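File shown here: work29.cif, holding mmCIF, C-alpha atoms.
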```
data_structure
loop_
_atom_site.label_atom_id
_atom_site.label_comp_id
_atom_site.auth_asym_id
_atom_site.auth_seq_id
_atom_site.Cartn_x
_atom_site.Cartn_y
_atom_site.Cartn_z
CA MET B 70 0.00 0.00 0.00
CA THR B 71 1.40 3.45 -0.92
CA ALA B 72 1.93 6.29 1.55
CA THR B 73 -0.96 8.17 -0.06
CA ALA B 74 -3.24 5.16 0.32
CA ASP B 75 -2.16 4.79 3.96
CA ALA B 76 -3.04 8.42 4.63
CA GLU B 77 -6.42 8.07 2.94
CA ALA B 78 -7.19 4.91 4.90
CA ALA B 79 -6.28 6.64 8.16
CA ALA B 80 -8.46 9.63 7.25
CA ASN B 81 -11.40 7.32 6.57
CA GLU B 82 -11.19 6.07 10.17
CA LEU B 83 -11.56 9.56 11.60
CA THR B 84 -14.87 10.89 12.92
CA PRO B 85 -16.21 13.73 10.74
CA LEU B 86 -16.06 16.99 12.70
CA ALA B 87 -19.75 17.83 12.18
CA ASP B 88 -20.82 14.40 13.51
CA TYR B 89 -18.53 14.73 16.51
CA LEU B 90 -19.71 18.22 17.39
CA GLY B 91 -23.33 17.21 17.07
CA SER B 92 -22.87 14.24 19.41
CA VAL B 93 -21.15 16.44 22.01
CA LEU B 94 -23.54 19.38 21.95
CA ARG B 95 -26.60 17.13 22.18
CA ARG B 96 -25.35 15.98 25.59
CA LEU B 97 -25.19 19.51 27.02
CA ARG B 98 -27.98 21.60 28.49
CA ALA B 99 -28.10 25.30 29.27
CA LEU B 100 -27.58 26.17 32.93
CA PRO B 101 -30.72 26.75 35.05
CA PRO B 102 -31.99 30.36 34.89
CA LEU B 103 -31.84 32.84 37.75
CA ASP B 104 -33.25 36.28 38.49
CA LEU B 105 -30.64 39.05 38.58
CA ASP B 106 -30.73 42.69 39.55
CA LEU B 107 -30.15 44.85 36.48
CA THR B 108 -26.81 46.09 37.84
CA GLN B 109 -25.49 42.51 37.78
CA ALA B 110 -26.99 41.46 34.46
CA TYR B 111 -24.35 42.72 32.01
CA GLY B 112 -22.57 39.94 30.11
CA ASN B 113 -25.16 37.29 30.89
CA VAL B 114 -27.57 35.72 28.42
CA LEU B 115 -31.32 36.24 28.67
CA ALA B 116 -33.31 33.15 29.56
CA GLU B 117 -36.61 34.62 28.39
CA ASP B 118 -37.92 37.33 26.07
CA VAL B 119 -38.05 40.83 27.59
CA VAL B 120 -40.97 43.16 26.82
CA ALA B 121 -41.11 46.85 27.75
CA PRO B 122 -43.58 47.32 30.64
CA HIS B 123 -43.59 51.11 30.18
CA ALA B 124 -43.08 53.51 27.30
CA TYR B 125 -39.91 55.49 26.65
CA PRO B 126 -39.93 58.44 26.87
CA ALA B 127 -42.46 58.15 29.68
CA PHE B 128 -43.92 61.62 28.95
CA ASP B 129 -43.79 64.35 26.32
CA GLN B 130 -40.50 66.17 26.83
CA ALA B 131 -38.16 68.78 25.42
CA ALA B 132 -35.28 67.34 23.37
CA VAL B 133 -33.23 70.60 23.42
CA ASP B 134 -32.79 73.66 25.60
CA GLY B 135 -35.05 76.41 24.34
CA TYR B 136 -38.60 77.73 24.44
CA ALA B 137 -41.70 75.52 24.29
CA ALA B 138 -44.39 77.18 22.22
CA ARG B 139 -47.48 76.66 20.09
CA TRP B 140 -46.39 76.45 16.47
CA GLU B 141 -49.35 78.53 15.31
CA ASP B 142 -48.08 81.43 17.48
CA ILE B 143 -44.70 81.58 15.73
CA SER B 144 -45.52 80.53 12.17
CA GLY B 145 -48.55 82.56 11.14
CA GLY B 146 -48.61 85.46 8.71
CA GLY B 147 -45.40 84.58 6.89
CA ARG B 148 -43.28 86.02 9.65
CA ALA B 149 -39.70 85.32 10.85
CA GLY B 150 -38.13 82.63 8.75
CA TYR B 151 -41.10 82.69 6.37
CA GLY B 152 -40.33 85.81 4.35
CA ASP B 153 -40.80 88.47 7.05
CA PRO B 154 -37.54 89.76 8.58
CA ARG B 155 -39.25 90.81 11.79
CA PRO B 156 -38.77 88.40 14.74
CA VAL B 157 -41.68 86.77 16.52
CA ARG B 158 -42.14 87.98 20.10
CA LEU B 159 -43.64 85.79 22.84
CA ASN B 160 -44.09 86.28 26.56
CA VAL B 161 -42.06 83.87 28.73
CA VAL B 162 -44.47 82.80 31.47
CA GLY B 163 -42.26 80.32 33.33
CA ASP B 164 -39.25 78.06 33.43
CA LEU B 165 -39.38 74.25 33.31
CA GLY B 166 -36.55 71.90 34.29
CA ALA B 167 -36.13 68.14 34.22
CA ALA B 168 -37.49 67.91 37.77
CA SER B 169 -40.65 69.94 37.06
CA TRP B 170 -43.71 67.84 37.77
CA ARG B 171 -46.71 70.15 37.96
CA PRO B 172 -48.67 70.15 34.67
CA VAL B 173 -48.88 73.60 33.02
CA ARG B 174 -50.73 74.82 29.94
CA LEU B 175 -49.69 77.23 27.23
CA THR B 176 -51.94 80.15 26.37
CA PRO B 177 -51.87 82.00 23.04
CA GLY B 178 -48.86 84.29 22.64
CA ALA B 179 -46.92 82.71 25.50
CA CYS B 180 -44.09 80.22 25.89
CA PHE B 181 -42.07 78.47 28.59
CA SER B 182 -38.30 78.37 28.90
CA VAL B 183 -37.43 74.65 28.97
CA ALA B 184 -34.36 72.54 29.61
CA ALA B 185 -33.68 69.35 27.64
CA GLY B 186 -35.53 66.50 29.32
CA SER B 187 -38.16 68.66 30.99
CA PRO B 188 -41.88 67.88 30.61
CA LEU B 189 -43.64 69.84 27.89
CA PRO B 190 -46.46 72.24 28.70
CA ILE B 191 -49.87 71.13 27.54
CA ALA B 192 -50.56 72.39 23.99
CA ALA B 193 -46.85 72.87 23.15
CA ASP B 194 -45.94 71.36 19.79
CA VAL B 195 -42.53 72.90 19.12
CA VAL B 196 -39.37 73.82 21.02
CA VAL B 197 -37.34 76.71 19.60
CA PRO B 198 -33.62 76.22 20.31
CA VAL B 199 -31.98 78.89 22.47
CA ASP B 200 -29.58 79.85 19.67
CA TRP B 201 -32.49 80.79 17.41
CA THR B 202 -33.64 83.51 19.84
CA ASP B 203 -32.38 86.54 21.76
CA GLN B 204 -32.51 84.34 24.91
CA GLY B 205 -34.90 86.71 26.64
CA MET B 206 -36.22 86.02 30.14
CA ALA B 207 -39.53 87.92 30.46
CA ALA B 208 -40.12 87.98 26.70
CA VAL B 209 -38.23 86.33 23.88
CA GLU B 210 -37.70 87.27 20.26
CA ILE B 211 -37.52 84.34 17.84
CA PHE B 212 -35.40 84.93 14.75
CA ARG B 213 -35.85 81.55 13.09
CA VAL B 214 -38.98 79.39 13.08
CA PRO B 215 -38.55 75.58 13.20
CA LYS B 216 -40.97 73.08 11.74
CA ARG B 217 -43.88 71.85 13.82
CA GLY B 218 -42.70 69.09 16.18
CA TYR B 219 -39.09 70.24 16.22
CA GLY B 220 -37.14 69.93 19.48
CA LEU B 221 -39.50 67.64 21.33
CA ARG B 222 -40.03 63.92 22.00
CA ARG B 223 -43.45 62.40 22.46
CA ALA B 224 -44.23 59.74 25.05
CA GLY B 225 -43.44 56.28 23.70
CA GLU B 226 -41.91 57.74 20.53
CA GLU B 227 -38.81 55.55 20.80
CA LEU B 228 -40.15 52.50 22.65
CA PRO B 229 -43.90 52.06 23.10
CA ALA B 230 -45.07 49.89 26.01
CA GLY B 231 -45.20 46.25 24.92
CA THR B 232 -42.19 46.48 22.60
CA LEU B 233 -40.08 43.32 22.43
CA LEU B 234 -36.74 44.63 23.72
CA ALA B 235 -34.64 41.45 23.44
CA ARG B 236 -35.15 37.77 22.77
CA SER B 237 -34.12 34.82 24.88
CA GLY B 238 -30.54 33.88 24.05
CA SER B 239 -29.37 37.48 23.58
CA TYR B 240 -26.29 38.78 25.37
CA ILE B 241 -27.00 41.68 27.70
CA SER B 242 -24.89 44.60 26.48
CA PRO B 243 -24.46 48.00 28.20
CA ALA B 244 -26.90 49.50 25.68
CA LEU B 245 -29.46 46.79 26.47
CA VAL B 246 -29.06 47.53 30.19
CA ALA B 247 -29.87 51.17 29.36
CA VAL B 248 -32.98 50.18 27.38
CA PHE B 249 -34.20 47.95 30.22
CA ALA B 250 -33.70 50.72 32.76
CA ALA B 251 -35.41 53.29 30.51
CA THR B 252 -38.56 51.18 30.30
CA GLY B 253 -38.70 50.43 34.03
CA ILE B 254 -37.11 46.97 34.21
CA GLY B 255 -35.08 46.38 37.38
CA HIS B 256 -34.65 42.58 37.22
CA VAL B 257 -34.12 40.14 34.37
CA VAL B 258 -34.07 36.33 34.15
CA VAL B 259 -30.74 35.12 32.77
CA ARG B 260 -28.54 32.08 32.40
CA PRO B 261 -25.56 32.42 34.72
CA SER B 262 -22.10 32.76 33.20
CA PRO B 263 -20.61 29.25 33.09
CA ARG B 264 -17.81 28.57 35.56
CA VAL B 265 -14.96 27.10 33.55
CA VAL B 266 -11.89 25.49 35.14
CA VAL B 267 -8.75 25.02 33.03
CA VAL B 268 -6.16 22.36 33.90
CA ALA B 269 -2.85 21.76 32.10
CA THR B 270 -1.35 18.28 32.50
CA GLY B 271 2.13 16.87 31.96
CA ASP B 272 5.30 16.14 33.92
CA GLU B 273 7.22 18.19 31.38
CA LEU B 274 5.39 21.45 32.09
CA VAL B 275 6.94 24.39 33.94
CA ASP B 276 5.41 27.74 34.86
CA VAL B 277 5.79 30.78 32.64
CA GLY B 278 8.68 33.08 33.41
CA ARG B 279 11.21 30.28 33.26
CA ALA B 280 13.29 29.41 30.23
CA SER B 281 12.49 25.82 29.26
CA GLN B 282 15.35 23.33 29.23
CA PRO B 283 15.46 20.01 27.38
CA GLY B 284 12.68 17.88 28.83
CA GLN B 285 10.73 20.96 29.95
CA VAL B 286 7.90 22.82 28.24
CA VAL B 287 6.53 26.18 29.37
CA ASP B 288 2.84 25.98 30.27
CA ILE B 289 1.26 28.10 27.56
CA ASN B 290 -2.13 26.45 27.35
CA SER B 291 -3.63 27.01 30.80
CA HIS B 292 -3.06 30.75 30.42
CA ALA B 293 -4.28 30.94 26.82
CA LEU B 294 -7.38 28.79 27.37
CA THR B 295 -8.36 30.65 30.53
CA ALA B 296 -8.21 33.88 28.53
CA ALA B 297 -10.20 32.28 25.70
CA ALA B 298 -12.90 31.13 28.13
CA ALA B 299 -13.09 34.61 29.66
CA GLU B 300 -13.42 36.11 26.17
CA VAL B 301 -16.56 34.02 25.62
CA GLY B 302 -18.05 35.40 28.84
CA ALA B 303 -17.29 32.52 31.20
CA LEU B 304 -16.07 32.88 34.77
CA ALA B 305 -12.71 31.29 34.05
CA TYR B 306 -10.35 29.78 36.64
CA ARG B 307 -6.83 28.60 35.91
CA VAL B 308 -5.81 25.71 38.14
CA GLY B 309 -2.37 25.49 36.60
CA ILE B 310 -0.16 22.45 36.12
CA CYS B 311 -1.04 18.92 37.19
CA ASP B 312 1.65 16.24 37.03
CA ASP B 313 1.03 12.91 35.31
CA ASP B 314 0.13 11.20 38.57
CA PRO B 315 -3.10 9.20 38.13
CA GLU B 316 -4.35 9.57 41.71
CA GLY B 317 -3.39 13.23 41.88
CA LEU B 318 -5.13 13.89 38.59
CA ARG B 319 -8.31 12.11 39.67
CA GLY B 320 -8.33 13.96 42.98
CA LEU B 321 -7.79 17.34 41.37
CA LEU B 322 -10.61 16.83 38.87
CA GLU B 323 -12.97 15.61 41.61
CA ASP B 324 -12.18 18.73 43.66
CA GLN B 325 -12.85 21.03 40.71
CA THR B 326 -16.31 19.60 40.09
CA LEU B 327 -17.44 21.52 43.19
CA ARG B 328 -16.92 24.88 41.49
CA ALA B 329 -17.15 24.11 37.77
CA ASP B 330 -19.87 23.95 35.15
CA LEU B 331 -17.24 22.84 32.63
CA ILE B 332 -13.68 21.55 32.99
CA ILE B 333 -11.14 21.96 30.19
CA THR B 334 -7.97 19.88 30.26
CA THR B 335 -5.06 20.18 27.90
CA GLY B 336 -2.44 17.59 27.09
CA GLY B 337 -2.46 13.82 27.23
CA THR B 338 -5.25 13.17 24.73
CA GLY B 339 -3.19 10.91 22.46
CA ALA B 340 -2.97 7.13 22.55
CA GLY B 341 0.64 6.89 23.77
CA PRO B 342 1.72 5.37 27.09
CA GLY B 343 2.47 8.82 28.54
CA ASP B 344 -0.92 10.33 27.69
CA MET B 345 -2.24 10.24 31.24
CA ILE B 346 -5.50 12.17 30.76
CA ARG B 347 -6.67 9.58 28.25
CA ARG B 348 -5.55 6.66 30.44
CA VAL B 349 -7.21 8.03 33.59
CA LEU B 350 -10.46 9.38 32.19
CA SER B 351 -11.16 6.60 29.69
CA ARG B 352 -10.78 3.85 32.30
CA ARG B 353 -13.91 1.77 32.76
CA ASP B 354 -15.37 1.53 36.26
CA GLY B 355 -16.41 -2.12 36.68
CA GLY B 356 -18.73 -2.96 33.84
CA ARG B 357 -19.85 0.61 33.28
CA ALA B 358 -18.93 2.59 30.20
CA SER B 359 -16.08 5.07 30.35
CA PRO B 360 -17.22 8.51 31.58
CA VAL B 361 -15.03 10.22 28.97
CA THR B 362 -14.67 9.17 25.35
CA PHE B 363 -11.61 10.05 23.30
CA SER B 364 -11.99 10.29 19.55
CA GLU B 365 -9.82 10.82 16.52
CA VAL B 366 -11.61 13.64 14.72
CA ALA B 367 -11.06 14.82 11.16
CA LEU B 368 -9.65 18.12 12.43
CA TYR B 369 -6.38 19.88 11.67
CA PRO B 370 -4.47 20.82 13.71
CA GLY B 371 -5.16 18.56 16.69
CA SER B 372 -7.36 15.55 15.91
CA ALA B 373 -7.32 13.84 19.35
CA LEU B 374 -10.22 15.19 21.46
CA GLY B 375 -12.07 13.94 24.49
CA PHE B 376 -15.49 14.66 25.96
CA GLY B 377 -17.53 13.25 28.80
CA THR B 378 -18.33 13.91 32.46
CA VAL B 379 -16.45 13.65 35.75
CA GLY B 380 -17.53 13.36 39.36
CA ALA B 381 -20.79 12.53 41.04
CA GLU B 382 -22.31 15.73 39.64
CA GLU B 383 -21.36 14.62 36.12
CA VAL B 384 -19.65 17.90 35.26
CA PRO B 385 -18.84 18.08 31.53
CA VAL B 386 -15.15 17.87 30.64
CA VAL B 387 -13.51 18.81 27.34
CA CYS B 388 -10.04 17.36 26.73
CA LEU B 389 -7.86 19.27 24.27
CA PRO B 390 -4.43 18.47 22.81
CA GLY B 391 -1.24 19.73 24.40
CA GLU B 392 0.25 21.49 21.36
CA PRO B 393 -0.66 25.17 21.91
CA GLY B 394 -1.93 25.95 18.41
CA ALA B 395 -3.98 22.75 18.34
CA ALA B 396 -5.33 23.49 21.83
CA LEU B 397 -6.60 26.91 20.77
CA ILE B 398 -8.16 25.54 17.58
CA GLY B 399 -9.74 22.75 19.65
CA PHE B 400 -11.12 25.39 21.98
CA GLU B 401 -12.66 27.31 19.08
CA VAL B 402 -14.17 24.20 17.53
CA LEU B 403 -15.34 22.34 20.64
CA ALA B 404 -15.01 24.18 23.97
CA ARG B 405 -16.33 27.55 22.82
CA PRO B 406 -19.62 26.17 21.45
CA ALA B 407 -20.00 24.14 24.67
CA ILE B 408 -19.62 27.29 26.79
CA GLN B 409 -22.08 29.15 24.59
CA LEU B 410 -24.62 26.35 24.93
CA LEU B 411 -24.25 26.23 28.73
CA ALA B 412 -24.75 30.01 28.81
CA GLY B 413 -27.92 29.72 26.73
CA ALA B 414 -26.46 31.90 23.97
CA GLU B 415 -27.75 31.74 20.42
CA PRO B 416 -26.12 31.00 18.06
CA VAL B 417 -23.38 28.88 19.64
CA PHE B 418 -20.99 29.17 16.68
CA ARG B 419 -19.08 32.20 15.49
CA PRO B 420 -20.45 34.07 12.46
CA SER B 421 -18.95 33.15 9.10
CA VAL B 422 -18.57 34.78 5.70
CA ARG B 423 -17.54 33.70 2.23
CA ALA B 424 -14.32 35.42 1.20
CA HIS B 425 -12.13 35.80 -1.89
CA LEU B 426 -8.83 33.97 -1.29
CA LEU B 427 -5.73 36.07 -1.99
CA GLU B 428 -3.13 33.29 -1.96
CA THR B 429 -3.08 29.64 -3.03
CA VAL B 430 -2.91 27.24 -0.07
CA SER B 431 -2.66 23.49 0.37
CA SER B 432 -4.42 21.44 3.03
CA PRO B 433 -4.09 17.87 4.36
CA SER B 434 -6.43 15.35 2.74
CA GLY B 435 -9.28 13.99 4.85
CA LEU B 436 -9.05 16.68 7.54
CA ARG B 437 -11.03 19.86 8.07
CA GLU B 438 -8.39 22.53 8.53
CA PHE B 439 -8.86 25.74 10.50
CA ARG B 440 -6.13 28.13 9.42
CA PRO B 441 -5.47 31.60 10.91
CA ALA B 442 -6.28 34.35 8.44
CA HIS B 443 -6.80 38.06 8.07
CA VAL B 444 -10.21 39.08 6.70
CA ALA B 445 -10.93 42.48 5.13
CA GLU B 446 -14.04 44.02 3.61
CA ARG B 447 -13.80 45.05 -0.04
CA ARG B 448 -14.88 48.51 -1.11
CA GLY B 449 -17.35 47.13 -3.59
CA GLY B 450 -18.77 44.66 -1.09
CA GLY B 451 -17.78 41.20 0.07
CA TYR B 452 -14.59 40.06 1.77
CA THR B 453 -11.02 39.07 1.02
CA VAL B 454 -8.98 36.65 3.11
CA GLN B 455 -5.21 36.43 3.47
CA PRO B 456 -3.94 33.12 4.91
CA LEU B 457 -1.53 33.41 7.85
CA ARG B 458 0.88 30.89 9.34
CA GLY B 459 -0.86 27.58 10.05
CA GLY B 460 0.01 23.94 10.63
CA PRO B 461 2.90 23.73 13.13
CA TYR B 462 2.94 27.56 13.30
CA THR B 463 -0.75 28.01 14.10
CA LEU B 464 0.01 29.67 17.45
CA SER B 465 1.92 32.58 15.91
CA GLY B 466 -0.65 32.84 13.12
CA LEU B 467 -3.50 33.14 15.62
CA ALA B 468 -1.85 36.10 17.31
CA GLU B 469 -2.35 38.11 14.09
CA ALA B 470 -5.64 36.61 12.92
CA ASN B 471 -9.11 38.12 12.89
CA GLY B 472 -10.55 35.04 11.21
CA LEU B 473 -10.20 31.29 10.76
CA MET B 474 -10.24 30.03 7.19
CA VAL B 475 -12.03 26.67 6.94
CA LEU B 476 -10.86 24.15 4.35
CA GLY B 477 -12.99 21.02 4.09
CA GLU B 478 -11.93 17.40 4.29
CA ARG B 479 -11.83 16.99 0.50
CA VAL B 480 -9.85 20.16 -0.13
CA THR B 481 -6.16 19.54 -0.73
CA SER B 482 -5.56 22.83 -2.52
CA ALA B 483 -7.46 26.11 -2.72
CA ALA B 484 -6.38 28.44 -5.50
CA ALA B 485 -5.97 32.19 -5.25
CA GLY B 486 -9.18 33.78 -6.47
CA SER B 487 -11.42 31.00 -5.19
CA THR B 488 -14.03 31.51 -2.48
CA VAL B 489 -13.64 29.96 0.98
CA ASP B 490 -15.51 29.97 4.30
CA VAL B 491 -14.07 32.09 7.10
CA LEU B 492 -15.10 32.23 10.77
CA LEU B 493 -14.93 35.78 12.11
CA LEU B 494 -13.00 36.19 15.34
CA ASP B 495 -14.43 38.98 17.47
CA ARG B 496 -11.08 40.47 18.47
CA ARG B 497 -10.73 43.91 20.02
CA ARG B 498 -8.07 45.76 18.08
#
```

Can the structure from this file be put into C-alpha cells for me?
Amino acid sequence: MTATADAEAAANELTPLADYLGSVLRRLRALPPLDLDLTQAYGNVLAEDVVAPHAYPAFDQAAVDGYAARWEDISGGGRAGYGDPRPVRLNVVGDLGAASWRPVRLTPGACFSVAAGSPLPIAADVVVPVDWTDQGMAAVEIFRVPKRGYGLRRAGEELPAGTLLARSGSYISPALVAVFAATGIGHVVVRPSPRVVVVATGDELVDVGRASQPGQVVDINSHALTAAAAEVGALAYRVGICDDDPEGLRGLLEDQTLRADLIITTGGTGAGPGDMIRRVLSRRDGGRASPVTFSEVALYPGSALGFGTVGAEEVPVVCLPGEPGAALIGFEVLARPAIQLLAGAEPVFRPSVRAHLLETVSSPSGLREFRPAHVAERRGGGYTVQPLRGGPYTLSGLAEANGLMVLGERVTSAAAGSTVDVLLLDRRR
C-alpha cells in the first residue's frame, strides 16, 4: 500500500467533525436560569424574552434647551423665517426643568423656557432652540422658526409599552441595560455565566517566566485557554499544572467539580503510554462505560479530542491536545460552542462569511483545517482573506488573525481567487 493510500485509509477512520460536534452538543444543556438585579446582568444571556412594561420616553418632553411654544403662534402670517424679517415675540411665562412635575398649559402668545428633558407644557408642539432667539427672560424674540414638532419627543416615541426589547438567548450589552432601565425593568431572568476550570497536564510542564530546558515545556495552554474562556463570557479559573500522577489527577478533577460547570484539560489526549489524561479518564469503572470518550476527529491541527463527564455531579469535561496551536483551535471548535450552549447563547458558533482567497494554499487530505487568516471588507462589497501561518505555526498565526479560514476534508488545494468559508474572530483591536 502506498503512503498516499495509507493516509487516505487513516483519514477514513476519523470521525467527521460535524458528527462529533453534534454528538457532544446534544449531551449539554443550558444552565438553570436565575433572576438578577439589572446592575449585575451585564454579560449574561437572557433566559426569556423581555418586553417593555412602560413607554420610553415616559412623557412628552423637550429634546433641546429652548422655548416651548405653540407652532401657530410663531408661524402665522409669513413672519420670521417665512419671508418676514421681523422676529416673533412671545411672553415667557415660566421656566421648566427636568425635575418639574406640575402640569402647566400654554396660552396664546406665551411660551415656557425649557431645559432638555423637561416635561412639555400642555398644547406645546414645538421647542425653539436657544440659539435661534435673543434668549430673553420675560419675553423672547424668535429669529428663526422651526418646523412643527421640532425639538420635542413624544411619550413612547422611541419604545412604546409592549415592545419586544430582546429575545431569549441574547447577550446583555451595556446599551441593552440602558434600554431595560429606561422602560422600568429592574430585574431580568438570565442564564448564569458558566464557571470554567482550566487544567494543564504533563510532567514536562513548567510555569511561565522560566526558560524551558530540554525535557521541559513552558505551560502556555492554561493561560491561553483561561483567557479564551473569559473572552466568551465565562467565569474562568486557571488551576495550573497537574503532574502525570493518576491519583493526583483524579483527585484534582474531583475537587474542581465543586466549582465548575465545565472543565477543560489540555495535554495527554493521544494514545501513547504517557498520555495520562486519556488513560485516567477513559478507564472503565467495573462494567460501566467510560465517563469520557476520546476520539480521533477529522480536524487539523489537533485531531485527538475527548469529551464526557467527571464526578458525582457529572460535570462536563472537554479534553484538548497539548500542542498550543492545536489546543486553541480545539477550543474554538469544541469548547467555545460548549460554553455558549451552557450560557444559553444563540447561536453557539461564530459568524462566518464567504471570502475571496488572496493566496493559493494546500491542506491535508481527509481533515477539516482551520487556518489563521486576516479578513478584510472590499470597497465594492464582500470580503477578502489572506492566509496566515498555520500547521505547526498556528500559534503565531492566531496572534495576528481576525478570522479562521475553513478548508474542508476533501480540499487539498485552494487556488488564489477562489471563495472559501471564514469564521470571524471577534477580536478587540

Next on the checklist: Which residues, named as in the file, does the PyMOL selection byres ((chain B and resi 315) around 12) pick out? Answer as a list in words.
Outcome noted: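 For this structure, the PyMOL selection byres ((chain B and resi 315) around 12) captures Thr270, Gly271, Asp272, Cys311, Asp312, Asp313, Asp314, Glu316, Gly317, Leu318, Arg319, Gly320, Leu321, Leu322, Gly337, Gly343, Asp344, Met345, Ile346, Arg347, Arg348, Val349, Leu350, Ser351 and Arg352 of chain B.
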
Item to check | Distance query Leu304 of chain B at most 12 Å, all atoms listed in the file, self and fewer than 4 positions along chain excluded, as a PyMOL selection string | outcome: chain B and resi 112-113+261-267+295-300+328-332+408+412

Item to check | Pairwise distance for atom CA of Trp201 of chain B and atom CA of Arg139 of chain B, rounded to one decimal in Å | outcome: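 Atom-to-atom, atom CA of Trp201 of chain B and atom CA of Arg139 of chain B are spaced 15.8 Å apart.
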
Item to check | Minimum-distance residue to Gly231 of chain B, chosen among B:Ala485, B:Ala124, B:Ile143, B:Ala116 (using all atoms listed in the file) | outcome: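 Looking only at the distances to Gly231 of chain B, the closest residue turns out to be B:Ala124.
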
Next on the checklist: From the options B:Leu467, B:Ile289, B:Val133, B:Ala193, which residue's atoms come nearest to Gly218 of chain B, counting all atoms listed in the file?
Outcome noted: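 Of B:Leu467, B:Ile289, B:Val133, B:Ala193, the one nearest Gly218 of chain B, counting all atoms listed in the file, is B:Ala193.
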
Checklist entry - Quick one: distance from atom CA of Val489 of chain B to atom CA of Arg95 of chain B in Å, one decimal? => result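 We find that atom CA of Val489 of chain B and atom CA of Arg95 of chain B lie 28.0 Å from each other.
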
Checklist entry - Can you tell me how far atom CA of Arg174 of chain B sits from atom CA of Ile191 of chain B, in Å to one decimal? => result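 Going from atom CA of Arg174 of chain B over to atom CA of Ile191 of chain B covers 4.5 Å.
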
Please define a box with edges along x, y and z of the file around all atoms of segment 324-339 of chain B given in the file, extend it by 3 Å on each side, and return its centre and edge lengths in Å to one decimal, as lines of an AutoDock Vina configuration file.
```
center_x = -11.2
center_y = 17.9
center_z = 33.1
size_x = 23.4
size_y = 20.0
size_z = 27.2
```

Next on the checklist: Report as a list in words all protein, DNA and RNA residues lying within 12 Å of Arg158 of chain B, evaluated on only C-alpha atoms, omitting residues in the same chain fewer than 5 positions from it.
Outcome noted: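 The filter keeps Tyr136, Ala138, Asp142, Ile143, Ser144, Arg148, Ala149, Pro177, Gly178, Ala179, Cys180, Thr202, Asp203, Gln204, Gly205, Met206, Ala207, Ala208, Val209, Glu210, Ile211, Phe212, Arg213 and Val214 of chain B.
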
Checklist entry - Do you know which residues the PyMOL selection byres ((chain B and resi 402) around 12) returns on this file, as number ranges by chain? => result B: 86-87, 89-91, 93-94, 366-372, 374, 387, 389, 395-401, 403-409, 417-419, 437-439, 473, 475, 492

Next on the checklist: For this structure, which residues satisfy the selection - the PyMOL selection byres ((chain B and resi 248-259) around 6) - when it is evaluated on the file as given? I want them as a list in words.
Outcome noted: Pro102, Leu103, Asp104, Leu105, Asp106, Leu107, Val114, Leu115, Ala116, Ala121, His123, Ala124, Tyr125, Leu245, Val246, Ala247 and Arg260 of chain B

Checklist entry - Which of these, B:Pro416, B:Pro456, B:Gly225, B:Pro172, has the shortest distance to Ser237 of chain B once you count only C-alpha atoms? => result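 With only C-alpha atoms as the atom set, the closest residue is B:Pro416.
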
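Of the listed residues B:Leu221, B:Val120, B:Ala280, B:Val197, the one whose atoms come nearest to Arg236 of chain B is B:Val120, with distances taken using all atoms listed in the file.
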
Item to check | Closest of B:Pro85, B:Pro188, B:Gly377, B:Pro390 to Arg171 of chain B - atom-to-atom distances counting all atoms listed in the file | outcome: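 With all atoms listed in the file as the atom set, the closest residue is B:Pro188.
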
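By chain and then residue number, the residues within 8 Å of Thr453 of chain B are B:Ala424, B:His425, B:Leu426, B:Leu427, B:Val444, B:Ala445, B:Glu446, B:Arg447, counting all atoms listed in the file and disregarding those fewer than 3 positions away in sequence.
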
Checklist entry - Which residue gives the smallest distance to Val183 of chain B among B:Val287, B:Val162, B:Leu83, B:Ala131, with all atoms listed in the file counted? => result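 Closest residue, counting all atoms listed in the file: B:Ala131.
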
Next on the checklist: Taking (3.8, 24.4, 14.3) in the coordinates of the supplied file, I want to know which residues reach to within 9 Å of it, counting all atoms listed in the file; could you give the answer as a list in words?
Outcome noted: Glu392, Pro393, Gly394, Ala395, Arg458, Gly459, Gly460, Pro461, Tyr462, Thr463, Leu464 and Ser465 of chain B

Next on the checklist: as a ChimeraX atom specification, please: the residues near Val480 of chain B (cut-off 10 Å, all atoms listed in the file, same-chain neighbours under 3 positions excluded).
Outcome noted: /B:430-438,475-477,483
